[in-house]
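Colleague: I have a structure here, written as structure tokens, and I will follow up with some questions on it.
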Amino acid sequence: MRNYSENIMKVVFLVAACVSIIAVILICVFLFASGVPAIKEIGVSDFLLGDSWKPGQELYGIFPMIIGSIYVTAGAIIVGVPIGLLCAVFMARYCPKGLYRIMKPAVDLLAGIPSIVYGFFGLMVIVPLVQNSLGGSGKCLLTASVLLGIMILPTIISVAESNIRAVPEQYYEGALALGATKERSVFRVILPAAKMGILAGIILGIGRAIGETMAVVMVCGNQAIMPESVISGVRTLTANIVLEMGYASGLHREALIATAVVLFVFILIINISFMALKRRAD
């Protein structure tokens, strides 16, 4: 009876794995089948390097959106990674048990907050703060970067903390026995030992940052132009898709799907780069 149950569960797990793989394949087939012909029709250089997005004039250049996505994601990394990593170190090695019982659920709660709520927070708090401090409308590259930096914190903190705790305690005790201070033991021994797991958390955070839509739409200004400063409005690839897909048709719609193809390739490159780094480290 036990072997029978185990065989049933093996089949269930196999079916679930196959469904996941098939879903990914179907998504890839749909994106590339719909987007690549549009890229060919528009022209690869005109599409990827063009600086004008004017569907009414048949101009479909997404270079400003590519730059906007890169800048916003880079800003989110600058804001979120140091804070998230230091918070993970504190929770794993320094946090008192009483405080940890409060901080851990709070971090998990951050991960469960809907994007639209983050967007409202950015619109009501961060936008006026940037507007009063630096001028402009407040809906800009800096605002989007700060908001995304906050949004990726729970991912980075949770993954980094788990990997820091997974490092054998003997590493830490050995460093102390050799005369290292507690801080030196943590930052020179524990963190390097957990670096691949920490990097995985950072990669997941980058994936969320570059793929975030609603919160960014609410605070980035949505201007399809090259940003000149941190207070310039920008439009990301995801924002471009969600803003215009509702009324797009013909080549315009296909160009938006092609934009999704470019975004998909970005995510793919990030994941492949991480796997290459992991193999080199191993």
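Identifiers for the structure tokens are assigned positionally: chains receive A, B, ... in sequence, residues are indexed from 1 per chain, and ligands are indexed from 1 in the order shown.
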Give me the residues within 10 Å of Gly75 (chain A) as a list in words, counting only C-alpha atoms and dropping any in the same chain fewer than 5 places off.
Modeller: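 Non-adjacent residues within range: Ser69, Ile70, Gly80, Leu141, Leu142, Thr143, Ala144, Ser145, Val146, Leu147, Leu148, Gly149, Ala209 and Val230 of chain A.
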Colleague: Write out as a ChimeraX atom specification each polymer residue whose atoms come within 10 Å of region 212-214 of chain A, counting only C-alpha atoms; drop sequence neighbours fewer than 4 positions from it.
Modeller: /A:69,73,114-120,148,151,206-208,218-219,236-243
Colleague: Between A:Ser232, A:Ser162, A:Ser20, A:Ser45, which has the minimum distance to Lys104 (chain A) (counting only C-alpha atoms)?
Modeller: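 Distance minimum relative to Lys104 (chain A) lands on A:Ser162.
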Colleague: Quick check, in Å to one decimal: how far apart do CA of Asn271 (chain A) and CA of Ile210 (chain A) lie?
Modeller: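 Spanning CA of Asn271 (chain A) to CA of Ile210 (chain A) is a straight-line distance of 12.7 Å.
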Colleague: Which residues are near region 128-139 of chain A? Cut-off 6 Å, only C-alpha atoms, ignore same chain within fewer than 2 positions. Put them as a list in words.
Modeller: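 Returned residues: Val125, Ile126, Val219, Cys220 and Gly221 of chain A.
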Colleague: As a count of residues only, list the residues of region 66-104 of chain A assigned to alpha helix (DSSP H) by DSSP on the backbone atoms of this structure.
Modeller: 32
Colleague: Out of A:Leu153, A:Ile113, A:Val19, A:Ile198, which residue has the shortest atom-to-atom distance to Val79 (chain A) when counting only C-alpha atoms?
Modeller: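 Smallest separation from Val79 (chain A) among the options: A:Leu153.
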Colleague: Could you give me, as an MDAnalysis selection string, the residues within 10 Å of Gly84 (chain A), counting only C-alpha atoms and dropping anything in the same chain fewer than 2 positions from it?
Modeller: chainID A and resid 77 79:82 86:90 149:150 152:161 201:202
Colleague: Restricting it to N, CA and C atoms, dump the selection as a tab-separated table (two decimals), in the first residue's frame.
Modeller:
chain	number	residue	atom	x	y	z
A	77	ILE	N	18.77	48.60	-7.10
A	77	ILE	CA	19.86	47.79	-6.55
A	77	ILE	C	20.69	48.63	-5.57
A	79	VAL	N	19.75	51.15	-3.84
A	79	VAL	CA	18.97	51.42	-2.63
A	79	VAL	C	18.73	50.14	-1.83
A	80	GLY	N	18.31	49.08	-2.50
A	80	GLY	CA	17.82	47.90	-1.80
A	80	GLY	C	18.87	46.92	-1.34
A	81	VAL	N	19.93	46.72	-2.13
A	81	VAL	CA	20.90	45.67	-1.79
A	81	VAL	C	21.67	45.96	-0.50
A	82	PRO	N	22.28	47.14	-0.33
A	82	PRO	CA	22.99	47.37	0.94
A	82	PRO	C	22.08	47.30	2.16
A	86	LEU	N	22.49	44.27	4.95
A	86	LEU	CA	22.79	44.62	6.33
A	86	LEU	C	21.67	44.20	7.27
A	87	CYS	N	20.43	44.33	6.82
A	87	CYS	CA	19.30	43.88	7.63
A	87	CYS	C	19.34	42.36	7.82
A	88	ALA	N	19.70	41.62	6.78
A	88	ALA	CA	19.81	40.16	6.88
A	88	ALA	C	20.90	39.76	7.86
A	89	VAL	N	22.04	40.47	7.82
A	89	VAL	CA	23.13	40.19	8.75
A	89	VAL	C	22.68	40.46	10.18
A	90	PHE	N	21.99	41.56	10.38
A	90	PHE	CA	21.51	41.88	11.72
A	90	PHE	C	20.54	40.82	12.23
A	149	GLY	N	13.49	49.86	-4.72
A	149	GLY	CA	14.45	49.42	-3.71
A	149	GLY	C	13.76	48.92	-2.46
A	150	ILE	N	12.68	49.59	-2.06
A	150	ILE	CA	11.89	49.14	-0.91
A	150	ILE	C	11.18	47.83	-1.23
A	152	ILE	N	12.02	45.37	-3.24
A	152	ILE	CA	12.86	44.17	-3.33
A	152	ILE	C	13.50	43.80	-1.99
A	153	LEU	N	13.32	44.63	-0.98
A	153	LEU	CA	13.92	44.34	0.32
A	153	LEU	C	13.52	42.98	0.90
A	154	PRO	N	12.22	42.63	0.96
A	154	PRO	CA	11.88	41.34	1.57
A	154	PRO	C	12.50	40.14	0.87
A	155	THR	N	12.61	40.19	-0.44
A	155	THR	CA	13.23	39.09	-1.18
A	155	THR	C	14.70	38.95	-0.80
A	156	ILE	N	15.42	40.05	-0.83
A	156	ILE	CA	16.85	40.02	-0.51
A	156	ILE	C	17.07	39.62	0.94
A	157	ILE	N	16.29	40.20	1.85
A	157	ILE	CA	16.47	39.91	3.27
A	157	ILE	C	16.21	38.44	3.57
A	158	SER	N	15.11	37.91	3.09
A	158	SER	CA	14.74	36.53	3.40
A	158	SER	C	15.76	35.53	2.86
A	159	VAL	N	16.13	35.70	1.59
A	159	VAL	CA	17.08	34.75	0.98
A	159	VAL	C	18.46	34.88	1.62
A	160	ALA	N	18.92	36.11	1.81
A	160	ALA	CA	20.24	36.32	2.40
A	160	ALA	C	20.30	35.80	3.83
A	161	GLU	N	19.26	36.06	4.61
A	161	GLU	CA	19.26	35.58	5.99
A	161	GLU	C	19.31	34.06	6.05
A	201	GLY	N	19.59	35.77	-3.99
A	201	GLY	CA	18.57	36.69	-3.51
A	201	GLY	C	18.60	38.02	-4.25
A	202	ILE	N	19.81	38.50	-4.55
A	202	ILE	CA	19.95	39.75	-5.30
A	202	ILE	C	19.39	39.59	-6.71
Colleague: Which residues are near Asn222 (chain A)? Cut-off 7 Å, only C-alpha atoms, ignore same chain within fewer than 5 positions. Put them as an MDAnalysis selection string.
Modeller: chainID A and resid 217 233:235
Colleague: Residues at most 9 Å from Leu31 (chain A), counting only C-alpha atoms, excluding those fewer than 2 positions away in the same chain, as a ChimeraX atom specification?
Modeller: /A:26-29,33-36,257-258,260-261,264
Colleague: Go ahead and save the residues from that selection, with N, CA, C and O atoms, as a JSON list (two decimals), in the first residue's frame.
Modeller:
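Result file is part36.json:
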[["chain", "number", "residue", "atom", "x", "y", "z"],
["A", 26, "LEU", "N", 5.16, 27.30, -23.81],
["A", 26, "LEU", "CA", 4.07, 27.97, -24.52],
["A", 26, "LEU", "C", 4.21, 29.48, -24.47],
["A", 26, "LEU", "O", 3.95, 30.17, -25.46],
["A", 27, "ILE", "N", 4.61, 30.00, -23.31],
["A", 27, "ILE", "CA", 4.82, 31.44, -23.19],
["A", 27, "ILE", "C", 5.92, 31.90, -24.15],
["A", 27, "ILE", "O", 5.78, 32.91, -24.86],
["A", 28, "CYS", "N", 7.03, 31.15, -24.18],
["A", 28, "CYS", "CA", 8.14, 31.50, -25.08],
["A", 28, "CYS", "C", 7.70, 31.46, -26.54],
["A", 28, "CYS", "O", 8.01, 32.37, -27.32],
["A", 29, "VAL", "N", 6.96, 30.40, -26.91],
["A", 29, "VAL", "CA", 6.50, 30.27, -28.29],
["A", 29, "VAL", "C", 5.59, 31.43, -28.68],
["A", 29, "VAL", "O", 5.73, 32.03, -29.75],
["A", 33, "ALA", "N", 6.80, 34.07, -31.40],
["A", 33, "ALA", "CA", 6.03, 33.96, -32.64],
["A", 33, "ALA", "C", 5.30, 35.26, -32.96],
["A", 33, "ALA", "O", 5.11, 35.62, -34.13],
["A", 34, "SER", "N", 4.89, 35.98, -31.92],
["A", 34, "SER", "CA", 4.16, 37.23, -32.14],
["A", 34, "SER", "C", 5.09, 38.44, -32.21],
["A", 34, "SER", "O", 4.76, 39.43, -32.86],
["A", 35, "GLY", "N", 6.21, 38.39, -31.49],
["A", 35, "GLY", "CA", 7.07, 39.57, -31.39],
["A", 35, "GLY", "C", 8.16, 39.67, -32.41],
["A", 35, "GLY", "O", 8.46, 40.77, -32.91],
["A", 36, "VAL", "N", 8.78, 38.55, -32.76],
["A", 36, "VAL", "CA", 9.90, 38.58, -33.71],
["A", 36, "VAL", "C", 9.49, 39.11, -35.08],
["A", 36, "VAL", "O", 10.23, 39.93, -35.67],
["A", 257, "ILE", "N", 4.14, 43.50, -27.93],
["A", 257, "ILE", "CA", 4.52, 42.12, -27.65],
["A", 257, "ILE", "C", 6.03, 41.94, -27.86],
["A", 257, "ILE", "O", 6.71, 41.24, -27.10],
["A", 258, "ALA", "N", 6.56, 42.59, -28.90],
["A", 258, "ALA", "CA", 8.01, 42.55, -29.13],
["A", 258, "ALA", "C", 8.77, 43.19, -27.97],
["A", 258, "ALA", "O", 9.87, 42.75, -27.62],
["A", 260, "ALA", "N", 7.81, 42.96, -24.92],
["A", 260, "ALA", "CA", 7.83, 41.89, -23.92],
["A", 260, "ALA", "C", 8.91, 40.87, -24.23],
["A", 260, "ALA", "O", 9.52, 40.29, -23.31],
["A", 261, "VAL", "N", 9.18, 40.63, -25.51],
["A", 261, "VAL", "CA", 10.26, 39.72, -25.90],
["A", 261, "VAL", "C", 11.61, 40.26, -25.41],
["A", 261, "VAL", "O", 12.43, 39.53, -24.87],
["A", 264, "PHE", "N", 11.81, 39.76, -21.75],
["A", 264, "PHE", "CA", 12.06, 38.34, -21.48],
["A", 264, "PHE", "C", 13.54, 38.00, -21.70],
["A", 264, "PHE", "O", 14.14, 37.27, -20.91]]
